[in-house]
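Participant: Structure file query_17.cif (mmCIF, C-alpha atoms) right here:
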```cif
data_start
loop_
_atom_site.label_atom_id
_atom_site.label_comp_id
_atom_site.auth_asym_id
_atom_site.auth_seq_id
_atom_site.Cartn_x
_atom_site.Cartn_y
_atom_site.Cartn_z
CA ASP A 111 113.41 97.08 130.83
CA ARG A 112 110.78 95.17 128.90
CA VAL A 113 107.79 96.68 127.10
CA SER A 114 104.67 94.51 126.61
CA PHE A 115 101.64 95.20 124.40
CA LEU A 116 98.10 94.04 125.22
CA SER A 117 95.77 94.04 122.24
CA GLY A 118 92.13 94.64 123.10
CA ARG A 119 89.90 93.75 126.01
CA PHE A 120 90.72 90.04 126.04
CA GLY A 121 94.46 90.66 126.21
CA MET A 122 93.86 92.94 129.19
CA GLN A 123 91.65 90.37 130.92
CA ALA A 124 94.23 87.62 130.37
CA ALA A 125 96.97 89.75 131.90
CA PHE A 126 94.85 90.51 134.97
CA ALA A 127 93.90 86.86 135.40
CA ASN A 128 97.55 85.78 135.18
CA GLY A 129 98.42 88.39 137.77
CA ARG A 130 96.00 86.80 140.24
CA VAL A 131 97.04 83.17 139.76
CA ASN A 132 100.71 83.46 138.88
CA LYS A 133 102.92 84.88 141.60
CA ASP A 134 105.90 85.04 139.27
CA ILE A 135 104.25 87.35 136.73
CA SER A 136 106.07 90.60 136.05
CA ILE A 137 103.86 93.50 137.11
CA PRO A 138 104.60 96.65 135.06
CA SER A 139 105.80 99.85 136.68
CA VAL A 140 103.72 101.95 134.25
CA LEU A 141 100.59 101.05 132.29
CA ILE A 142 99.73 102.98 129.12
CA LEU A 143 96.17 102.79 127.80
CA ILE A 144 95.33 104.16 124.36
CA GLY A 145 91.83 105.38 123.58
CA ASP A 146 88.61 105.82 125.57
CA GLU A 147 87.54 102.18 125.29
CA SER A 148 90.70 100.86 126.93
CA TRP A 149 90.18 103.12 129.95
CA MET A 150 86.48 102.28 130.24
CA TYR A 151 87.31 98.54 130.11
CA TYR A 152 90.06 99.02 132.68
CA ARG A 153 87.67 100.73 135.09
CA ILE A 154 85.31 97.73 135.16
CA MET A 155 88.07 95.13 135.56
CA ASN A 156 88.50 93.33 138.87
CA LEU A 157 91.92 94.69 139.83
CA ARG A 158 92.03 92.75 143.15
CA GLY A 159 94.66 95.02 144.70
CA ILE A 160 97.37 93.90 142.28
CA TRP A 161 97.00 96.42 139.47
CA GLU A 162 95.21 99.26 141.20
CA ASN A 163 98.44 100.85 142.46
CA ILE A 164 100.15 100.86 139.05
CA PRO A 165 100.34 104.37 137.53
CA VAL A 166 98.20 104.62 134.39
CA VAL A 167 98.82 107.00 131.48
CA LEU A 168 95.79 107.52 129.25
CA VAL A 169 96.58 108.49 125.66
CA ASP A 170 94.28 110.07 123.07
CA VAL A 171 91.24 110.10 125.35
CA HIS A 172 88.46 112.68 125.35
CA ALA A 173 87.54 115.10 128.10
CA GLU A 174 84.47 113.03 128.92
CA ILE A 175 83.69 109.31 128.82
CA MET A 176 80.76 106.99 129.52
CA ASN A 177 80.25 106.30 133.19
CA ASP A 178 79.04 102.78 132.39
CA PHE A 179 80.49 101.39 129.18
CA SER A 180 78.15 98.38 129.28
CA LYS A 181 75.34 100.72 128.20
CA PHE A 182 76.98 101.49 124.86
CA HIS A 183 75.34 99.97 121.79
CA PHE A 184 76.84 99.83 118.30
CA HIS A 185 75.35 102.21 115.74
CA LYS A 186 73.55 104.10 118.51
CA SER A 187 74.20 107.68 119.55
CA ILE A 188 75.50 108.24 123.07
CA PRO A 189 73.13 110.22 125.33
CA ASP A 190 74.75 113.10 127.21
CA SER A 191 73.25 111.74 130.42
CA LEU A 192 75.63 108.75 130.25
CA MET A 193 78.77 110.88 130.02
CA ILE A 194 80.96 112.07 132.90
CA PRO A 195 84.08 114.28 132.91
CA LEU A 196 87.29 112.30 132.52
CA HIS A 197 88.81 113.56 135.76
CA GLU A 198 85.78 112.24 137.68
CA SER A 199 86.35 108.72 136.31
CA LYS A 200 89.54 108.15 138.28
CA ASN A 201 87.81 106.46 141.25
CA GLY A 202 90.94 106.84 143.33
CA LEU A 203 93.18 105.19 140.72
CA PRO A 204 96.59 106.74 139.97
CA VAL A 205 95.88 108.20 136.54
CA THR A 206 97.09 110.97 134.28
CA ALA A 207 96.04 111.61 130.69
CA ILE A 208 97.05 113.14 127.40
CA MET A 209 93.70 114.18 126.01
CA ASN A 210 92.22 114.74 122.58
CA LYS A 211 90.88 118.24 122.01
CA ASP A 212 87.95 117.07 119.83
CA ASN A 213 89.35 118.38 116.57
CA GLU A 214 86.35 117.38 114.46
CA GLY A 215 85.30 121.03 114.16
CA TYR A 216 88.79 122.04 113.00
CA THR A 217 88.67 119.31 110.35
CA VAL A 218 85.36 120.68 109.02
CA TRP A 219 86.93 124.16 108.99
CA LEU A 220 89.84 122.74 106.98
CA MET A 221 87.43 121.10 104.55
CA LYS A 222 85.62 124.41 104.10
CA GLN A 223 88.90 126.20 103.38
CA LEU A 224 89.83 123.69 100.70
CA ILE A 225 86.32 123.34 99.21
CA PRO A 226 84.66 126.75 99.64
CA ASN A 227 81.33 125.55 98.17
CA LEU A 228 81.16 122.48 100.42
CA ASN A 229 77.51 121.64 101.02
CA GLU A 230 77.49 118.01 102.19
CA ILE A 231 79.61 115.78 104.42
CA VAL A 232 79.21 112.02 104.59
CA PHE A 233 80.62 110.45 107.75
CA LEU A 234 81.81 106.89 107.20
CA SER A 235 81.43 105.09 110.54
CA THR A 236 82.11 101.63 111.95
CA GLY A 237 79.38 102.17 114.53
CA GLY A 238 81.92 101.73 117.35
CA TYR A 239 82.29 103.97 120.39
CA ARG A 240 85.04 106.14 118.91
CA ASP A 241 83.10 106.83 115.72
CA GLU A 242 79.80 107.43 117.51
CA TYR A 243 81.52 109.90 119.83
CA ALA A 244 83.11 111.69 116.82
CA LEU A 245 79.74 111.76 115.03
CA ASP A 246 78.12 113.35 118.07
CA VAL A 247 80.84 116.04 118.19
CA LEU A 248 80.42 116.65 114.45
CA LYS A 249 76.66 117.11 114.80
CA LYS A 250 76.99 119.58 117.67
CA THR A 251 79.83 121.54 116.05
CA MET A 252 78.26 121.78 112.60
CA ALA A 253 74.87 122.80 114.01
CA ILE A 254 76.55 125.88 115.49
CA GLN A 255 79.40 126.73 113.11
CA PHE A 256 78.36 125.21 109.77
CA PRO A 257 74.57 124.87 109.71
CA GLU A 258 74.52 125.23 105.91
CA ILE A 259 76.39 121.92 105.45
CA LYS A 260 74.36 118.71 105.37
CA LEU A 261 75.69 115.80 107.45
CA SER A 262 74.79 112.17 106.75
CA VAL A 263 76.16 108.81 107.96
CA LEU A 264 77.14 105.57 106.21
CA TYR A 265 77.89 102.53 108.36
CA ASN A 266 80.51 100.47 106.55
CA ARG A 267 79.85 97.36 108.66
CA ARG A 268 76.18 97.29 107.70
CA GLN A 269 76.67 97.68 103.96
CA LYS A 270 78.79 96.07 101.28
CA ASN A 271 81.68 97.99 99.84
CA LYS A 272 80.11 98.12 96.39
CA ASP A 273 76.93 99.69 97.86
CA ILE A 274 79.00 102.31 99.70
CA GLN A 275 80.98 103.01 96.53
CA ALA A 276 77.77 103.48 94.57
CA LYS A 277 76.38 105.96 97.11
CA LEU A 278 79.61 107.93 97.30
CA SER A 279 79.95 108.08 93.51
CA ASN A 280 76.54 109.79 93.30
CA LEU A 281 77.58 112.66 95.57
CA SER A 282 77.88 116.13 94.10
CA LYS A 283 81.22 117.76 93.33
CA ASN A 284 80.78 119.98 96.41
CA ALA A 285 80.54 117.02 98.78
CA ALA A 286 83.25 115.30 100.80
CA VAL A 287 83.70 112.27 103.05
CA VAL A 288 84.99 112.07 106.62
CA VAL A 289 86.24 108.63 107.62
CA GLY A 290 86.33 107.58 111.25
CA SER A 291 88.28 104.64 112.61
CA GLY A 292 87.23 102.29 109.78
CA GLU A 293 88.71 101.72 106.36
CA LEU A 294 87.80 103.50 103.17
CA PRO A 295 86.43 101.34 100.33
CA ASP A 296 88.57 101.01 97.22
CA ASN A 297 87.99 103.00 94.03
CA VAL A 298 86.48 106.05 95.71
CA ASP A 299 87.13 109.22 93.70
CA ILE A 300 85.87 111.94 96.04
CA PRO A 301 87.75 114.11 98.56
CA VAL A 302 88.14 112.18 101.82
CA PHE A 303 89.26 113.57 105.19
CA GLN A 304 90.27 111.72 108.36
CA LEU A 305 90.03 112.55 112.06
CA THR A 306 93.21 110.87 113.30
CA ASP A 307 96.80 110.64 112.19
CA ARG A 308 96.97 107.76 109.75
CA GLN A 309 99.43 107.40 106.90
CA LEU A 310 98.52 109.67 104.01
CA GLN A 311 99.03 107.81 100.76
CA GLY A 312 97.34 107.43 97.41
CA ASN A 313 95.36 110.26 95.84
CA THR A 314 92.01 110.08 97.68
CA VAL A 315 92.52 110.89 101.40
CA ILE A 316 93.38 114.58 101.59
CA GLY A 317 94.13 114.74 105.31
CA GLY A 318 92.70 116.38 108.41
CA TYR A 319 93.36 118.53 111.46
CA TYR A 320 94.80 116.52 114.35
CA PRO A 321 97.86 116.00 116.58
CA LEU A 322 100.56 113.77 115.13
CA LYS A 323 101.32 110.32 116.50
CA LYS A 324 104.94 111.23 117.03
CA ASP A 325 103.91 114.07 119.33
CA TYR A 326 101.79 111.68 121.39
CA ALA A 327 104.65 109.18 121.50
CA SER A 328 107.16 111.80 122.62
CA LYS A 329 104.96 113.09 125.41
CA VAL A 330 103.98 109.58 126.59
CA ALA A 331 107.61 108.48 126.67
CA ASP A 332 108.53 111.53 128.75
CA ILE A 333 105.74 110.86 131.29
CA ALA A 334 106.46 107.11 131.45
CA LEU A 335 110.13 107.78 132.11
CA LYS A 336 109.29 110.15 134.96
CA LEU A 337 106.96 107.60 136.53
CA HIS A 338 109.46 104.79 136.08
CA GLN A 339 112.05 106.90 137.88
CA GLY A 340 109.77 107.34 140.87
CA GLU A 341 108.00 110.65 140.29
CA SER A 342 104.48 110.78 141.76
CA ILE A 343 101.67 110.60 139.21
CA ASP A 344 99.79 113.27 141.19
CA ALA A 345 102.49 115.72 140.12
CA ILE A 346 101.69 115.11 136.44
CA PRO A 347 98.42 116.89 135.48
CA PHE A 348 96.06 116.03 132.65
CA SER A 349 97.25 117.69 129.44
CA PHE A 350 96.70 118.09 125.72
CA ILE A 351 98.92 117.94 122.66
CA ASP A 352 99.38 121.60 121.81
CA ASP A 353 100.62 121.20 118.26
CA GLU A 354 97.54 120.18 116.28
CA VAL A 355 98.22 120.99 112.68
CA PRO A 356 96.49 120.63 109.32
CA CYS A 357 98.03 117.59 107.63
CA LEU A 358 97.52 117.38 103.89
CA ASN A 359 98.30 114.83 101.22
CA LYS A 360 100.07 116.70 98.43
CA THR A 361 99.33 114.02 95.84
CA ALA A 362 95.60 114.08 96.68
CA LEU A 363 95.56 117.88 96.50
CA ASN A 364 97.02 117.66 93.00
CA HIS A 365 94.46 115.01 92.03
CA PHE A 366 91.48 117.12 93.11
CA HIS A 367 93.05 120.44 91.95
CA LEU A 368 93.00 121.93 95.47
CA ASN A 369 96.58 123.23 95.56
CA ARG A 370 95.57 126.86 95.14
CA THR A 371 93.19 126.88 98.12
CA ALA A 372 95.65 124.84 100.20
CA SER A 373 98.36 127.45 99.70
CA ASP A 374 96.32 129.95 101.78
CA ILE A 375 96.21 127.67 104.86
CA PRO A 376 99.00 128.39 107.40
CA ASP A 377 101.26 125.86 109.15
CA VAL A 378 100.37 122.93 106.91
CA VAL A 379 102.30 119.67 107.26
CA TYR A 380 102.48 118.04 103.84
CA ALA A 381 102.82 114.31 103.31
CA ASN A 382 103.08 112.09 100.23
CA VAL A 383 104.74 114.93 98.34
CA PRO A 384 105.36 113.86 94.73
CA PRO A 385 108.96 114.28 93.59
CA SER A 386 109.89 117.32 91.54
CA PHE A 387 110.33 117.01 87.78
CA TRP A 388 114.11 116.83 88.10
CA VAL A 389 114.04 114.24 90.88
CA LYS A 390 111.35 112.16 89.19
CA TYR A 391 113.12 112.03 85.85
CA MET A 392 116.73 112.34 87.06
CA ARG A 393 117.70 108.86 85.89
CA SER A 394 116.06 109.29 82.50
CA LEU A 395 117.57 112.73 82.05
CA PHE A 396 121.00 111.43 83.02
CA LEU A 397 120.77 108.58 80.50
CA LEU A 398 119.49 110.99 77.85
CA ALA A 399 122.35 113.42 78.52
CA LEU A 400 124.87 110.57 78.43
CA THR A 401 123.44 109.34 75.13
CA VAL A 402 123.61 112.84 73.65
CA ILE A 403 127.22 113.23 74.78
CA VAL A 404 128.18 109.88 73.21
CA LEU A 405 126.41 110.79 69.97
CA VAL A 406 128.14 114.20 69.89
CA ILE A 407 131.52 112.54 70.45
CA ILE A 408 130.82 110.04 67.65
CA LEU A 409 129.69 112.87 65.39
CA ILE A 410 132.82 114.90 66.13
CA LEU A 411 135.06 111.88 65.46
CA ASN A 412 133.24 111.19 62.20
CA LEU A 413 133.61 114.82 61.16
CA ARG A 414 137.31 114.77 62.01
CA GLU A 415 137.75 111.56 60.02
CA LYS A 416 135.86 113.05 57.09
CA LEU A 417 137.88 116.26 57.19
CA TYR A 418 141.10 114.28 57.43
CA ARG A 419 140.17 112.17 54.40
CA THR A 420 139.10 115.26 52.47
CA ARG A 421 142.38 117.05 53.23
CA LEU A 422 144.33 113.90 52.38
CA ALA A 423 142.53 113.56 49.05
CA ARG A 424 143.19 117.22 48.25
CA SER A 425 146.85 116.81 49.18
CA MET A 426 147.12 113.74 46.94
CA ASP A 427 145.51 115.62 44.07
CA LYS A 428 147.98 118.49 44.53
CA TYR A 429 150.86 116.02 44.75
CA LYS A 430 149.78 114.24 41.57
CA LYS A 431 149.44 117.55 39.78
CA VAL A 432 152.89 118.70 40.89
CA TYR A 433 154.32 115.27 40.13
CA ASP A 434 152.88 115.32 36.65
CA GLU A 435 154.26 118.81 36.06
CA TYR A 436 157.71 117.81 37.25
CA GLN A 437 157.52 114.60 35.28
CA ILE A 438 156.86 116.53 32.08
CA LEU A 439 159.67 118.92 32.95
CA TYR A 440 161.97 116.02 33.80
CA GLU A 441 161.30 114.19 30.58
CA ASN A 442 161.67 117.25 28.34
CA MET A 443 164.56 119.06 29.95
CA PRO A 444 167.69 119.41 27.66
CA VAL A 445 170.09 118.29 30.36
CA GLY A 446 170.75 114.60 30.71
CA LEU A 447 170.25 113.17 34.21
CA ALA A 448 171.35 109.86 35.57
CA PHE A 449 170.45 108.48 39.03
CA PHE A 450 172.67 106.02 40.87
CA ASP A 451 172.21 104.12 44.11
CA SER A 452 174.58 104.24 47.08
CA VAL A 453 176.88 101.57 45.63
CA GLY A 454 177.13 103.15 42.18
CA GLY A 455 174.48 101.17 40.42
CA LEU A 456 172.54 103.06 37.74
CA LEU A 457 168.94 103.54 38.63
CA TYR A 458 167.46 105.75 35.95
CA THR A 459 168.35 108.18 33.17
CA SER A 460 166.48 110.84 31.31
CA ASP A 461 166.01 110.80 27.57
CA ALA A 462 168.57 113.56 27.21
CA ALA A 463 171.23 111.24 28.70
CA ASP A 464 171.49 109.60 25.28
CA ASP A 465 173.50 112.65 24.20
CA LEU A 466 176.20 111.82 26.73
CA HIS A 467 178.66 109.86 24.48
CA CYS A 468 181.20 109.33 27.19
CA VAL A 469 178.95 107.03 29.13
CA ASP A 470 177.28 103.90 27.87
CA PHE A 471 173.72 103.93 29.27
CA GLY A 472 172.51 101.35 26.82
CA CYS A 473 171.95 98.67 29.37
CA CYS A 474 169.95 101.02 31.52
CA ARG A 475 168.01 102.22 28.50
CA THR A 476 167.29 98.63 27.63
CA ALA A 477 166.12 97.92 31.23
CA LYS A 478 164.06 101.07 31.18
CA ASN A 479 162.41 100.22 27.91
CA GLN A 480 161.64 96.76 29.16
#
```
How would this structure read if it were set down as structure tokens?

Facilitator:
Amino acid sequence: DRVSFLSGRFGMQAAFANGRVNKDISIPSVLILIGDESWMYYRIMNLRGIWENIPVVLVDVHAEIMNDFSKFHFHKSIPDSLMIPLHESKNGLPVTAIMNKDNEGYTVWLMKQLIPNLNEIVFLSTGGYRDEYALDVLKKTMAIQFPEIKLSVLYNRRQKNKDIQAKLSNLSKNAAVVVGSGELPDNVDIPVFQLTDRQLQGNTVIGGYYPLKKDYASKVADIALKLHQGESIDAIPFSFIDDEVPCLNKTALNHFHLNRTASDIPDVVYANVPPSFWVKYMRSLFLLALTVIVLVIILILNLREKLYRTRLARSMDKYKKVYDEYQILYENMPVGLAFFDSVGGLLYTSDAADDLHCVDFGCCRTAKNQ
């Protein structure tokens, strides 16, 4: 079976238009929409009886949405009067949903646990629907649970990065940043928290309190498989991801010296964990150990060679001394000695051999003297 991805509103509109004019188009058996905006766009599309019977699985949507998305304006707060419960937005369409529990309050709680003297939060917003909704939840939650913390907003699409960096660099040490769906400017050295599961890397974004993408993916795949196999969507109720957890960037915690306070938070999922000393320097330590071993072996061989030469020199000295002693004894002994080779040739005679009158050693004496 094929899986197709439609990116944004225009991709959705193109697919619907092709479905009306092209009879050979492959209509999906399950449609998965991610985020509130995708569902609100889908509701105002002209389905023309082709798509309206396709089961829809909503992913990461909130418990309430705007009844009329055309009334949303960028960088404007969303009035409560424009919101309706999610289950009332079905309009007879076959829909189920995996909802977001609005974890903004839990993220502020996490920030307070890590930075006990937290007194200011700056929300970095794109001004889009998702960020404006999160900002509204933050305002309501903090007014009740954390009234002592100041909340302000920076719109990163209205200001240049260098201006945002300048404002963030002037914050106090007891302040922190919450980033919405936008990107964080470079060279920001202040604790930053996020509201959704995005890759934790670097040493600036500490983390947040949210469900993991893999948990969404697992639950969506399970529901899509059931629907593809013919199960009725009415039998699949709206649900939440039950395993929201605090996700923390270990490298960022080290950078901001927040490890001690983080150790008191239960059920933390750590990411970007720096390697231990042994793992980090394993190669260097191995090469160092190998070098030391080679040097020790060379040293031992040199010592053995030196000892051998010393013992050899001592042995030679002893030999020379003994030789000299025996030479003196040999030359001064009263007994005449003559040495012959294996065929009877005279090799050498002592001085006392001159007293042997029965043997003529003159030729030998002459050779010796020569």

Participant: Which residues, named as in the file, does the PyMOL selection byres ((chain A and resi 198) around 12) pick out? Answer as a ChimeraX atom specification.

Facilitator: /A:153,173-177,193-197,199-203,205-206

Participant: Can you tell me, as a list in words, what residues are no more than 12 Å from Phe179 of chain A when counting only C-alpha atoms, ignoring any on the same chain fewer than 2 positions away?

Facilitator: Asp146, Glu147, Ser148, Trp149, Met150, Tyr151, Tyr152, Arg153, Ile154, Met155, Ile175, Met176, Asn177, Lys181, Phe182, His183, Phe184, Ile188, Leu192, Met193, Ile194, Ser199, Gly238 and Tyr239 of chain A

Participant: For the selection you just gave me, I'd like the residues written to a file as an mmCIF file, in the frame of the given file, keeping C-alpha atoms.

Facilitator:
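Resulting contents of part-v9.cif:
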```cif
data_model
loop_
_atom_site.group_PDB
_atom_site.id
_atom_site.type_symbol
_atom_site.label_atom_id
_atom_site.label_comp_id
_atom_site.auth_asym_id
_atom_site.auth_seq_id
_atom_site.Cartn_x
_atom_site.Cartn_y
_atom_site.Cartn_z
ATOM 1 C CA ASP A 146 88.610 105.820 125.570
ATOM 2 C CA GLU A 147 87.540 102.180 125.290
ATOM 3 C CA SER A 148 90.700 100.860 126.930
ATOM 4 C CA TRP A 149 90.180 103.120 129.950
ATOM 5 C CA MET A 150 86.480 102.280 130.240
ATOM 6 C CA TYR A 151 87.310 98.540 130.110
ATOM 7 C CA TYR A 152 90.060 99.020 132.680
ATOM 8 C CA ARG A 153 87.670 100.730 135.090
ATOM 9 C CA ILE A 154 85.310 97.730 135.160
ATOM 10 C CA MET A 155 88.070 95.130 135.560
ATOM 11 C CA ILE A 175 83.690 109.310 128.820
ATOM 12 C CA MET A 176 80.760 106.990 129.520
ATOM 13 C CA ASN A 177 80.250 106.300 133.190
ATOM 14 C CA LYS A 181 75.340 100.720 128.200
ATOM 15 C CA PHE A 182 76.980 101.490 124.860
ATOM 16 C CA HIS A 183 75.340 99.970 121.790
ATOM 17 C CA PHE A 184 76.840 99.830 118.300
ATOM 18 C CA ILE A 188 75.500 108.240 123.070
ATOM 19 C CA LEU A 192 75.630 108.750 130.250
ATOM 20 C CA MET A 193 78.770 110.880 130.020
ATOM 21 C CA ILE A 194 80.960 112.070 132.900
ATOM 22 C CA SER A 199 86.350 108.720 136.310
ATOM 23 C CA GLY A 238 81.920 101.730 117.350
ATOM 24 C CA TYR A 239 82.290 103.970 120.390
#
```

Participant: Taking 6 positions as the minimum chain separation for residues in the same chain, which residues sit within 12 Å of Gly340 of chain A when counting all atoms listed in the file? Answer as a PyMOL selection string.

Facilitator: chain A and resi 139-140+164-165+333-334

Participant: Choose the residue, out of A:Val404, A:Ile300, A:Cys357, A:Val169, that has the smallest atom-to-atom separation from Lys277 of chain A; count all atoms listed in the file.

Facilitator: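 Ranking A:Val404, A:Ile300, A:Cys357, A:Val169 by distance to Lys277 of chain A, first place goes to A:Ile300.
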
Participant: Go through A:His338, A:Lys211, A:Lys390, A:Lys272 one by one, measure the shortest atom-to-atom distance of each to Ile351 of chain A using only C-alpha atoms, and give the residue with the smallest value.

Facilitator: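 Looking only at the distances to Ile351 of chain A, the closest residue turns out to be A:Lys211.
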
Participant: By how many Å are atom CA of Gly446 of chain A and atom CA of Ser460 of chain A apart?

Facilitator: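 Answer for the atom CA of Gly446 of chain A to atom CA of Ser460 of chain A separation: 5.7 Å.
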
Participant: Using all atoms listed in the file, find each residue in segment 186-265 of chain A having at least one atom no more than 10 Å away from segment 369-378 of chain A; report its shortest atom-to-atom pair and that distance in Å (one decimal), rows by chain then rising number, as a tab-separated table.

Facilitator:
```
residue	atom	partner	partner_atom	distance
A:Leu220	CA	A:Ile375	CA	8.3
A:Lys222	CA	A:Thr371	CA	10.0
A:Gln223	CA	A:Thr371	CA	6.8
A:Leu224	CA	A:Thr371	CA	5.3
A:Ile225	CA	A:Thr371	CA	7.8
A:Pro226	CA	A:Thr371	CA	8.7
```

Participant: Mind giving me the straight-line distance from atom CA of Ser349 of chain A to atom CA of Met209 of chain A in Å, one decimal?

Facilitator: 6.1 Å

Participant: Looking at only C-alpha atoms, which of A:Val389, A:Val445, A:Val263, A:Leu245 is the one that sits closest to Ala286 of chain A?

Facilitator: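 Under the stated criterion, the closest residue is A:Val263.
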